Amino acid sequence: MKKRSAVMLSSVMLMSVVLAACGGNNNTASNNASNGSAGNSGEVKTVKIFQFKTEIVEGLNELKVEFEKEYPNIKLDIQTVGGGADYAAALKTKFASGDAPDIFSNGGYAEMELWGDKLEDLSDQPWVKDLIPLAAEPMTKDGKTYGMPMNLEGIGYVYNKDLFAKAGITETPKTISELEEAAKKLQAIDVIPFGNAYQEWWLLGIQGISVAFAQQDNVDEFISGLNAGTSTIVGNEKFKDWSNLLNLTVKYGQKNPLTTDANTHLAMFANGETAMMQEGNWAQTLVDNITPDMNIGMFPMPINDDPAMNDKLSVGVPANLVVNKESGSKEEAKTFLNWLVTSDMGKEYIVKKWKFIPALSTIAATPEDIGLLGADVWNYVQEGKVYGLQASKFPDGVTQEFASVIQELIAGKVDEAGWETGMQAAWDKLKK
């Protein structure tokens with residue numbers, strides 16, 4: 001979410017990834033040296049990893065096999081809760097039940113503060129010096145680094161370039177009026193403009209609503225004001241604008257958006273039934289699995305008619321991997337994290353299998369590696385046209401509450417005024 005160092009990153013993007021199959025892992029010696037005796041003693045230790053990115057589960061399990069070959073005295077136990085499930089609640093249950101993980105996901109900012117007493121200081125790890133400043137920000141406090149960012153992600157509308165061309169849409173919309181005009185052109189060729197997975201709370205309460213926060217004059221001051229009671233969502237112009245966008249997508253979307261899940265809207269899009277869907281660049285691999293080599297792209301979600309404000313993509317760190325400082329296997333956990341971002345195989349999986357935009361300057365990636373969506377996100381980053389993702393700054397649990405109120409608006413159970421009041425009440429209920 002964020003502005004990156006364009007010079008640093010553009011040079012990184014021009015580099016090539018050295019495949020593990022071609023040269024093997026040439027970092028093993030340095031890993032062993034920098035991470036102490038992990039794997040050298042007779043004791044076998046298990047590192048429990050609890051994370052929420054469902055799209056990387058297969059790859060993580062493949063990496064587990066290779067890592068355990070190099071470090072036979074370290075076993076990885078990988079568990080994933082995501083895909084619409086409440087990861088935060090599941091993580092709390094893990095800690096409360098005495099089954100705390102050694103590595104877990106954390107969004108940074110307010111979420112870092114929430115789990116601050118459990119986070120190991122990772123500032124001395126060898127990969128920290130290579131973090132892209134934008135990626136380091138969410139997990140940095142008082143000059144110390146408490147988490148490894150997995151990647152950078154952009155969120156906006158994924159669109160079918162061929163359907164846009166067929167409808168005579170020559171440029172991506174930069175205002176809400178242009179977006180509606182594009183929707184009308186798509187309808188004219190019998191294509192559903194939007195596929196809306198509004199059954200998914202995270203799509204609404206985390207990703208979608210982020211734009212209304214991001215376009216505030218000073219988002220951090222606005223959020224601080226919400227916590228202090230000096231700011232309000234009620235009557236706020238940007239939230240009104242965002243509800244207009246939401247209503248537009250419903251008007252030009254498929255039937256029954258509140259009973260449509262993410263898998264369904266992905267399938268509709270990949271099969272050419274819809275021309276746009278709110279998603280992130282992680283959708284590249286999901287679309288590829290259904291329709292390989294589909295001609296797709298991404299553009300920001302315009303909420304009003306100010307092109308300068310709207311032509312910025314929401315970009316940020318979706319998750320950071322942190323180490324439980326009370327873990328009995330925390331040194332082994334650090335060994336795995338270091339291996340993930342320094343070994344040839346780990347780097348290959350990050351950019352080629354997962355299509356991730358790397359968060360470290362030492363992980364090279366090309367547009368061919370990260371796909372069409374990643375390349376579009378990268379272009380916005382290079383041009384400095386980005387907003388940060390904001391949900392990690394919200395009070396714990398408010399994203400689900402937001403989604404419920406937004407779903408009531410979609411269902412017609414509340415009007416815009418009632419929706420704004422409900423959003424404010426959700427914040428007030430959960431703020432500290």
# chains A, B, ... in the order shown; residues from 1 in each chain; ligands from 1
$ select_by_dssp --residues "range 371-404 of chain A" --states "helix (DSSP H, G or I)" --output "PyMOL selection string"
chain A and resi 371-382+391-393+398-404
$ residues_around --residues "Gly371 in chain A" --least-positions-apart "6" --cutoff "12 Å" --atoms "only C-alpha atoms" --output "list in words"
Asn281, Trp282, Ala283, Gln284, Thr285, Leu286, Val287, Asp288, Pro292, Asp293, Met294, Asn295, Ile296, Gly297, Met298, Val351, Lys352, Lys353, Trp354, Lys355, Phe356, Ile357, Ala365, Val377 and Trp378 of chain A
$ write_last_selection --atoms "N, CA and C atoms" --output "PDB file, in the first residue's frame"
ATOM      1  N   ASN A 281      -4.211  -8.792  -7.408  1.00  0.00           N
ATOM      2  CA  ASN A 281      -3.371  -9.486  -8.381  1.00  0.00           C
ATOM      3  C   ASN A 281      -3.143 -10.951  -8.029  1.00  0.00           C
ATOM      4  N   TRP A 282      -3.507 -11.375  -6.798  1.00  0.00           N
ATOM      5  CA  TRP A 282      -3.446 -12.793  -6.459  1.00  0.00           C
ATOM      6  C   TRP A 282      -4.414 -13.617  -7.311  1.00  0.00           C
ATOM      7  N   ALA A 283      -5.398 -12.932  -7.921  1.00  0.00           N
ATOM      8  CA  ALA A 283      -6.365 -13.636  -8.761  1.00  0.00           C
ATOM      9  C   ALA A 283      -5.734 -14.181 -10.041  1.00  0.00           C
ATOM     10  N   GLN A 284      -4.505 -13.752 -10.349  1.00  0.00           N
ATOM     11  CA  GLN A 284      -3.845 -14.207 -11.579  1.00  0.00           C
ATOM     12  C   GLN A 284      -3.803 -15.731 -11.658  1.00  0.00           C
ATOM     13  N   THR A 285      -3.295 -16.364 -10.611  1.00  0.00           N
ATOM     14  CA  THR A 285      -3.169 -17.819 -10.647  1.00  0.00           C
ATOM     15  C   THR A 285      -4.538 -18.491 -10.638  1.00  0.00           C
ATOM     16  N   LEU A 286      -5.514 -17.884  -9.971  1.00  0.00           N
ATOM     17  CA  LEU A 286      -6.850 -18.467  -9.903  1.00  0.00           C
ATOM     18  C   LEU A 286      -7.535 -18.419 -11.263  1.00  0.00           C
ATOM     19  N   VAL A 287      -7.394 -17.294 -11.954  1.00  0.00           N
ATOM     20  CA  VAL A 287      -7.954 -17.186 -13.302  1.00  0.00           C
ATOM     21  C   VAL A 287      -7.210 -18.112 -14.253  1.00  0.00           C
ATOM     22  N   ASP A 288      -5.887 -18.165 -14.129  1.00  0.00           N
ATOM     23  CA  ASP A 288      -5.094 -19.032 -14.998  1.00  0.00           C
ATOM     24  C   ASP A 288      -5.513 -20.491 -14.890  1.00  0.00           C
ATOM     25  N   PRO A 292      -6.355 -20.353 -18.967  1.00  0.00           N
ATOM     26  CA  PRO A 292      -4.961 -19.933 -19.127  1.00  0.00           C
ATOM     27  C   PRO A 292      -4.805 -18.858 -20.204  1.00  0.00           C
ATOM     28  N   ASP A 293      -3.866 -17.963 -19.988  1.00  0.00           N
ATOM     29  CA  ASP A 293      -3.505 -16.924 -20.958  1.00  0.00           C
ATOM     30  C   ASP A 293      -4.649 -15.958 -21.260  1.00  0.00           C
ATOM     31  N   MET A 294      -5.551 -15.776 -20.310  1.00  0.00           N
ATOM     32  CA  MET A 294      -6.640 -14.817 -20.499  1.00  0.00           C
ATOM     33  C   MET A 294      -6.061 -13.398 -20.520  1.00  0.00           C
ATOM     34  N   ASN A 295      -6.592 -12.554 -21.376  1.00  0.00           N
ATOM     35  CA  ASN A 295      -6.101 -11.188 -21.554  1.00  0.00           C
ATOM     36  C   ASN A 295      -6.766 -10.277 -20.527  1.00  0.00           C
ATOM     37  N   ILE A 296      -6.112 -10.085 -19.394  1.00  0.00           N
ATOM     38  CA  ILE A 296      -6.727  -9.368 -18.278  1.00  0.00           C
ATOM     39  C   ILE A 296      -5.828  -8.243 -17.793  1.00  0.00           C
ATOM     40  N   GLY A 297      -6.397  -7.344 -17.014  1.00  0.00           N
ATOM     41  CA  GLY A 297      -5.661  -6.232 -16.427  1.00  0.00           C
ATOM     42  C   GLY A 297      -6.349  -5.765 -15.166  1.00  0.00           C
ATOM     43  N   MET A 298      -5.840  -4.690 -14.596  1.00  0.00           N
ATOM     44  CA  MET A 298      -6.399  -4.164 -13.350  1.00  0.00           C
ATOM     45  C   MET A 298      -6.372  -2.644 -13.365  1.00  0.00           C
ATOM     46  N   VAL A 351       7.883 -15.718  -6.773  1.00  0.00           N
ATOM     47  CA  VAL A 351       7.545 -14.938  -7.968  1.00  0.00           C
ATOM     48  C   VAL A 351       6.938 -15.758  -9.098  1.00  0.00           C
ATOM     49  N   LYS A 352       7.331 -17.009  -9.243  1.00  0.00           N
ATOM     50  CA  LYS A 352       6.875 -17.784 -10.395  1.00  0.00           C
ATOM     51  C   LYS A 352       5.631 -18.616 -10.096  1.00  0.00           C
ATOM     52  N   LYS A 353       5.576 -19.244  -8.935  1.00  0.00           N
ATOM     53  CA  LYS A 353       4.414 -20.074  -8.616  1.00  0.00           C
ATOM     54  C   LYS A 353       3.280 -19.252  -8.014  1.00  0.00           C
ATOM     55  N   TRP A 354       3.647 -18.372  -7.070  1.00  0.00           N
ATOM     56  CA  TRP A 354       2.616 -17.573  -6.395  1.00  0.00           C
ATOM     57  C   TRP A 354       2.328 -16.252  -7.088  1.00  0.00           C
ATOM     58  N   LYS A 355       3.159 -15.872  -8.058  1.00  0.00           N
ATOM     59  CA  LYS A 355       2.994 -14.616  -8.788  1.00  0.00           C
ATOM     60  C   LYS A 355       3.020 -13.408  -7.850  1.00  0.00           C
ATOM     61  N   PHE A 356       3.824 -13.500  -6.804  1.00  0.00           N
ATOM     62  CA  PHE A 356       3.916 -12.423  -5.829  1.00  0.00           C
ATOM     63  C   PHE A 356       4.803 -11.292  -6.344  1.00  0.00           C
ATOM     64  N   ILE A 357       4.451 -10.064  -5.989  1.00  0.00           N
ATOM     65  CA  ILE A 357       5.342  -8.929  -6.160  1.00  0.00           C
ATOM     66  C   ILE A 357       6.254  -8.914  -4.938  1.00  0.00           C
ATOM     67  N   ALA A 365      12.188 -10.254 -10.084  1.00  0.00           N
ATOM     68  CA  ALA A 365      10.950 -10.666 -10.745  1.00  0.00           C
ATOM     69  C   ALA A 365      10.788  -9.870 -12.020  1.00  0.00           C
ATOM     70  N   VAL A 377      -0.107  -3.728 -11.398  1.00  0.00           N
ATOM     71  CA  VAL A 377       0.107  -3.180 -10.054  1.00  0.00           C
ATOM     72  C   VAL A 377       1.482  -2.523  -9.978  1.00  0.00           C
ATOM     73  N   TRP A 378       2.463  -3.207 -10.521  1.00  0.00           N
ATOM     74  CA  TRP A 378       3.820  -2.678 -10.480  1.00  0.00           C
ATOM     75  C   TRP A 378       3.920  -1.340 -11.205  1.00  0.00           C
TER      76      TRP A 378
END
$ residues_around --residues "range 163-175 of chain A" --least-positions-apart "4" --cutoff "6 Å" --atoms "only C-alpha atoms" --output "MDAnalysis selection string"
chainID A and resid 179 185:186 302 304:305 307 310:311
$ residues_around --residues "Val322 in chain A" --least-positions-apart "6" --cutoff "8 Å" --atoms "only C-alpha atoms" --output "short mmCIF file (atom, residue, chain, number, x, y, z; two decimals) with all heavy atoms, in the first residue's frame"
data_model
loop_
_atom_site.label_atom_id
_atom_site.label_comp_id
_atom_site.auth_asym_id
_atom_site.auth_seq_id
_atom_site.Cartn_x
_atom_site.Cartn_y
_atom_site.Cartn_z
N ILE A 103 5.13 -19.53 14.07
CA ILE A 103 5.06 -18.49 13.04
C ILE A 103 3.59 -18.25 12.74
O ILE A 103 2.83 -19.21 12.58
CB ILE A 103 5.78 -18.91 11.74
CG1 ILE A 103 7.28 -19.08 11.98
CG2 ILE A 103 5.54 -17.89 10.62
CD1 ILE A 103 8.03 -19.65 10.78
N PHE A 104 3.17 -16.99 12.67
CA PHE A 104 1.78 -16.71 12.31
C PHE A 104 1.70 -15.42 11.51
O PHE A 104 2.67 -14.68 11.39
CB PHE A 104 0.86 -16.68 13.54
CG PHE A 104 1.22 -15.68 14.61
CD1 PHE A 104 0.56 -14.46 14.69
CD2 PHE A 104 2.18 -15.97 15.57
CE1 PHE A 104 0.85 -13.54 15.69
CE2 PHE A 104 2.48 -15.07 16.58
CZ PHE A 104 1.82 -13.84 16.64
N SER A 105 0.54 -15.18 10.93
CA SER A 105 0.33 -14.02 10.07
C SER A 105 -0.10 -12.81 10.89
O SER A 105 -0.84 -12.94 11.87
CB SER A 105 -0.76 -14.31 9.02
OG SER A 105 -0.39 -15.40 8.21
N ASN A 106 0.35 -11.64 10.46
CA ASN A 106 -0.03 -10.40 11.13
C ASN A 106 -0.07 -9.29 10.08
O ASN A 106 0.83 -9.18 9.25
CB ASN A 106 0.98 -10.05 12.23
CG ASN A 106 0.55 -8.89 13.10
OD1 ASN A 106 0.56 -7.74 12.67
ND2 ASN A 106 0.16 -9.18 14.33
N LEU A 119 5.35 -10.83 19.85
CA LEU A 119 6.16 -10.72 18.64
C LEU A 119 7.66 -10.66 18.95
O LEU A 119 8.11 -9.81 19.72
CB LEU A 119 5.76 -9.48 17.85
CG LEU A 119 4.29 -9.39 17.42
CD1 LEU A 119 4.07 -8.14 16.56
CD2 LEU A 119 3.86 -10.64 16.67
N GLU A 120 8.41 -11.52 18.31
CA GLU A 120 9.86 -11.53 18.41
C GLU A 120 10.44 -10.39 17.57
O GLU A 120 10.00 -10.15 16.43
CB GLU A 120 10.39 -12.87 17.91
CG GLU A 120 11.89 -12.98 17.85
CD GLU A 120 12.54 -13.26 19.21
OE1 GLU A 120 11.81 -13.28 20.23
OE2 GLU A 120 13.77 -13.45 19.24
N TYR A 146 9.36 -6.33 13.18
CA TYR A 146 8.72 -7.43 13.90
C TYR A 146 8.06 -8.46 12.97
O TYR A 146 7.43 -9.40 13.46
CB TYR A 146 7.68 -6.88 14.87
CG TYR A 146 8.29 -6.14 16.03
CD1 TYR A 146 8.48 -4.77 15.97
CD2 TYR A 146 8.71 -6.81 17.17
CE1 TYR A 146 9.06 -4.07 17.03
CE2 TYR A 146 9.29 -6.13 18.24
CZ TYR A 146 9.46 -4.76 18.16
OH TYR A 146 10.03 -4.09 19.21
N GLY A 147 8.21 -8.29 11.66
CA GLY A 147 7.59 -9.26 10.77
C GLY A 147 8.20 -9.22 9.39
O GLY A 147 8.79 -8.22 8.98
N MET A 148 8.07 -10.35 8.69
CA MET A 148 8.54 -10.45 7.32
C MET A 148 7.35 -10.29 6.38
O MET A 148 6.45 -11.13 6.35
CB MET A 148 9.21 -11.81 7.07
CG MET A 148 9.54 -12.06 5.60
SD MET A 148 10.07 -13.76 5.28
CE MET A 148 11.75 -13.65 5.92
#
$ atom_distance --atom1 "CA of Leu134 in chain A" --atom2 "CA of Lys385 in chain A"
13.4 Å
$ residues_around --residues "Asp77 in chain A" --least-positions-apart "4" --cutoff "12 Å" --atoms "only C-alpha atoms" --output "PyMOL selection string"
chain A and resi 45-51+57+60-61+63-65+68+101-104+333+336
$ select_by_dssp --residues "range 115-294 of chain A" --states "strand (DSSP E or B)" --output "number ranges by chain"
A: 119, 131, 140-141, 144-145, 148-149, 152-160, 192-195, 253, 274-280
$ write_last_selection --atoms "N, CA, C and O atoms" --output "mmCIF file, in the first residue's frame"
data_model
loop_
_atom_site.group_PDB
_atom_site.id
_atom_site.type_symbol
_atom_site.label_atom_id
_atom_site.label_comp_id
_atom_site.auth_asym_id
_atom_site.auth_seq_id
_atom_site.Cartn_x
_atom_site.Cartn_y
_atom_site.Cartn_z
ATOM 1 N N LEU A 119 5.346 -10.832 19.848
ATOM 2 C CA LEU A 119 6.165 -10.721 18.642
ATOM 3 C C LEU A 119 7.656 -10.655 18.949
ATOM 4 O O LEU A 119 8.113 -9.811 19.720
ATOM 5 N N LEU A 131 14.606 -5.219 2.825
ATOM 6 C CA LEU A 131 13.187 -4.897 2.727
ATOM 7 C C LEU A 131 12.960 -3.600 1.951
ATOM 8 O O LEU A 131 13.643 -2.600 2.185
ATOM 9 N N THR A 140 7.079 -2.121 11.363
ATOM 10 C CA THR A 140 8.201 -1.404 11.953
ATOM 11 C C THR A 140 7.707 -0.496 13.068
ATOM 12 O O THR A 140 6.764 0.279 12.889
ATOM 13 N N LYS A 141 8.348 -0.596 14.213
ATOM 14 C CA LYS A 141 7.997 0.252 15.361
ATOM 15 C C LYS A 141 9.272 0.601 16.115
ATOM 16 O O LYS A 141 10.065 -0.288 16.451
ATOM 17 N N LYS A 144 12.460 -0.885 14.970
ATOM 18 C CA LYS A 144 12.625 -2.335 15.014
ATOM 19 C C LYS A 144 11.629 -3.013 14.063
ATOM 20 O O LYS A 144 10.523 -2.523 13.870
ATOM 21 N N THR A 145 12.040 -4.147 13.527
ATOM 22 C CA THR A 145 11.215 -4.904 12.578
ATOM 23 C C THR A 145 10.677 -6.152 13.254
ATOM 24 O O THR A 145 11.451 -6.948 13.808
ATOM 25 N N MET A 148 8.070 -10.345 8.688
ATOM 26 C CA MET A 148 8.542 -10.451 7.317
ATOM 27 C C MET A 148 7.354 -10.290 6.376
ATOM 28 O O MET A 148 6.453 -11.132 6.353
ATOM 29 N N PRO A 149 7.308 -9.222 5.572
ATOM 30 C CA PRO A 149 6.209 -9.068 4.616
ATOM 31 C C PRO A 149 6.285 -10.147 3.542
ATOM 32 O O PRO A 149 7.352 -10.382 2.963
ATOM 33 N N LEU A 152 3.792 -7.726 -1.886
ATOM 34 C CA LEU A 152 2.972 -6.541 -2.088
ATOM 35 C C LEU A 152 1.790 -6.924 -2.969
ATOM 36 O O LEU A 152 1.945 -7.690 -3.929
ATOM 37 N N GLU A 153 0.603 -6.418 -2.635
ATOM 38 C CA GLU A 153 -0.591 -6.730 -3.417
ATOM 39 C C GLU A 153 -1.370 -5.463 -3.740
ATOM 40 O O GLU A 153 -1.416 -4.529 -2.924
ATOM 41 N N GLY A 154 -1.974 -5.455 -4.909
ATOM 42 C CA GLY A 154 -2.853 -4.370 -5.300
ATOM 43 C C GLY A 154 -4.285 -4.863 -5.371
ATOM 44 O O GLY A 154 -4.542 -6.030 -5.692
ATOM 45 N N ILE A 155 -5.219 -3.972 -5.070
ATOM 46 C CA ILE A 155 -6.648 -4.305 -5.085
ATOM 47 C C ILE A 155 -7.380 -3.287 -5.935
ATOM 48 O O ILE A 155 -7.175 -2.076 -5.794
ATOM 49 N N GLY A 156 -8.215 -3.767 -6.813
ATOM 50 C CA GLY A 156 -9.006 -2.889 -7.672
ATOM 51 C C GLY A 156 -9.978 -3.715 -8.473
ATOM 52 O O GLY A 156 -10.471 -4.746 -8.006
ATOM 53 N N TYR A 157 -10.255 -3.293 -9.697
ATOM 54 C CA TYR A 157 -11.110 -4.076 -10.592
ATOM 55 C C TYR A 157 -10.230 -4.819 -11.588
ATOM 56 O O TYR A 157 -9.469 -4.213 -12.347
ATOM 57 N N VAL A 158 -10.353 -6.130 -11.568
ATOM 58 C CA VAL A 158 -9.746 -6.958 -12.604
ATOM 59 C C VAL A 158 -10.718 -6.965 -13.779
ATOM 60 O O VAL A 158 -11.922 -7.164 -13.594
ATOM 61 N N TYR A 159 -10.196 -6.737 -14.987
ATOM 62 C CA TYR A 159 -11.105 -6.628 -16.132
ATOM 63 C C TYR A 159 -10.621 -7.446 -17.315
ATOM 64 O O TYR A 159 -9.430 -7.744 -17.448
ATOM 65 N N ASN A 160 -11.562 -7.811 -18.156
ATOM 66 C CA ASN A 160 -11.315 -8.588 -19.362
ATOM 67 C C ASN A 160 -11.027 -7.620 -20.506
ATOM 68 O O ASN A 160 -11.925 -6.933 -20.991
ATOM 69 N N ILE A 192 -22.414 -9.108 -18.726
ATOM 70 C CA ILE A 192 -22.661 -8.568 -17.388
ATOM 71 C C ILE A 192 -21.428 -7.777 -16.977
ATOM 72 O O ILE A 192 -20.324 -8.332 -16.905
ATOM 73 N N PRO A 193 -21.570 -6.490 -16.688
ATOM 74 C CA PRO A 193 -20.374 -5.693 -16.370
ATOM 75 C C PRO A 193 -19.616 -6.174 -15.133
ATOM 76 O O PRO A 193 -18.390 -6.330 -15.177
ATOM 77 N N PHE A 194 -20.330 -6.370 -14.023
ATOM 78 C CA PHE A 194 -19.673 -6.713 -12.758
ATOM 79 C C PHE A 194 -20.109 -8.083 -12.248
ATOM 80 O O PHE A 194 -21.301 -8.398 -12.232
ATOM 81 N N GLY A 195 -19.126 -8.853 -11.805
ATOM 82 C CA GLY A 195 -19.406 -10.039 -11.012
ATOM 83 C C GLY A 195 -19.098 -9.711 -9.566
ATOM 84 O O GLY A 195 -17.955 -9.403 -9.219
ATOM 85 N N GLY A 253 -24.557 -5.448 -12.033
ATOM 86 C CA GLY A 253 -23.977 -6.747 -11.707
ATOM 87 C C GLY A 253 -24.942 -7.896 -11.903
ATOM 88 O O GLY A 253 -26.081 -7.709 -12.343
ATOM 89 N N THR A 274 -18.737 -12.271 -17.083
ATOM 90 C CA THR A 274 -18.665 -10.917 -16.539
ATOM 91 C C THR A 274 -17.377 -10.265 -17.027
ATOM 92 O O THR A 274 -16.401 -10.949 -17.367
ATOM 93 N N ALA A 275 -17.374 -8.929 -17.047
ATOM 94 C CA ALA A 275 -16.214 -8.209 -17.568
ATOM 95 C C ALA A 275 -15.305 -7.672 -16.483
ATOM 96 O O ALA A 275 -14.129 -7.380 -16.735
ATOM 97 N N MET A 276 -15.819 -7.520 -15.259
ATOM 98 C CA MET A 276 -15.035 -6.956 -14.164
ATOM 99 C C MET A 276 -15.369 -7.668 -12.857
ATOM 100 O O MET A 276 -16.480 -8.173 -12.679
ATOM 101 N N MET A 277 -14.397 -7.681 -11.963
ATOM 102 C CA MET A 277 -14.633 -8.172 -10.599
ATOM 103 C C MET A 277 -13.659 -7.465 -9.675
ATOM 104 O O MET A 277 -12.524 -7.166 -10.046
ATOM 105 N N GLN A 278 -14.113 -7.174 -8.478
ATOM 106 C CA GLN A 278 -13.218 -6.600 -7.478
ATOM 107 C C GLN A 278 -12.314 -7.712 -6.967
ATOM 108 O O GLN A 278 -12.779 -8.704 -6.401
ATOM 109 N N GLU A 279 -11.030 -7.565 -7.194
ATOM 110 C CA GLU A 279 -10.061 -8.585 -6.799
ATOM 111 C C GLU A 279 -8.688 -7.939 -6.662
ATOM 112 O O GLU A 279 -8.541 -6.731 -6.834
ATOM 113 N N GLY A 280 -7.701 -8.774 -6.392
ATOM 114 C CA GLY A 280 -6.322 -8.331 -6.350
ATOM 115 C C GLY A 280 -5.491 -9.123 -7.326
ATOM 116 O O GLY A 280 -5.989 -10.052 -7.979
#
$ closest_residue --among "A:Ala426, A:Val341, A:Ile363, A:Met309" --to "Gln216 in chain A" --atoms "only C-alpha atoms"
A:Met309
$ closest_residue --among "A:Tyr109, A:Tyr87, A:Phe52, A:Phe239" --to "Asp220 in chain A" --atoms "only C-alpha atoms"
A:Tyr109
$ atom_distance --atom1 "CA of Pro395 in chain A" --atom2 "CA of Asp415 in chain A"
24.6 Å
$ closest_residue --among "A:Leu337, A:Leu313, A:Ala375, A:Ile233" --to "Ala425 in chain A" --atoms "only C-alpha atoms"
A:Ile233
$ atom_distance --atom1 "CA of Gln199 in chain A" --atom2 "CA of Phe222 in chain A"
28.3 Å
$ closest_residue --among "A:Ile78, A:Val414, A:Gly59, A:Ser392" --to "Ala319 in chain A" --atoms "only C-alpha atoms"
A:Ser392
$ closest_residue --among "A:Trp127, A:Tyr380, A:Trp202, A:Trp419" --to "Trp242 in chain A" --atoms "only C-alpha atoms"
A:Trp419
$ closest_residue --among "A:Glu273, A:Glu368, A:Glu221, A:Glu111" --to "Met139 in chain A" --atoms "only C-alpha atoms"
A:Glu111
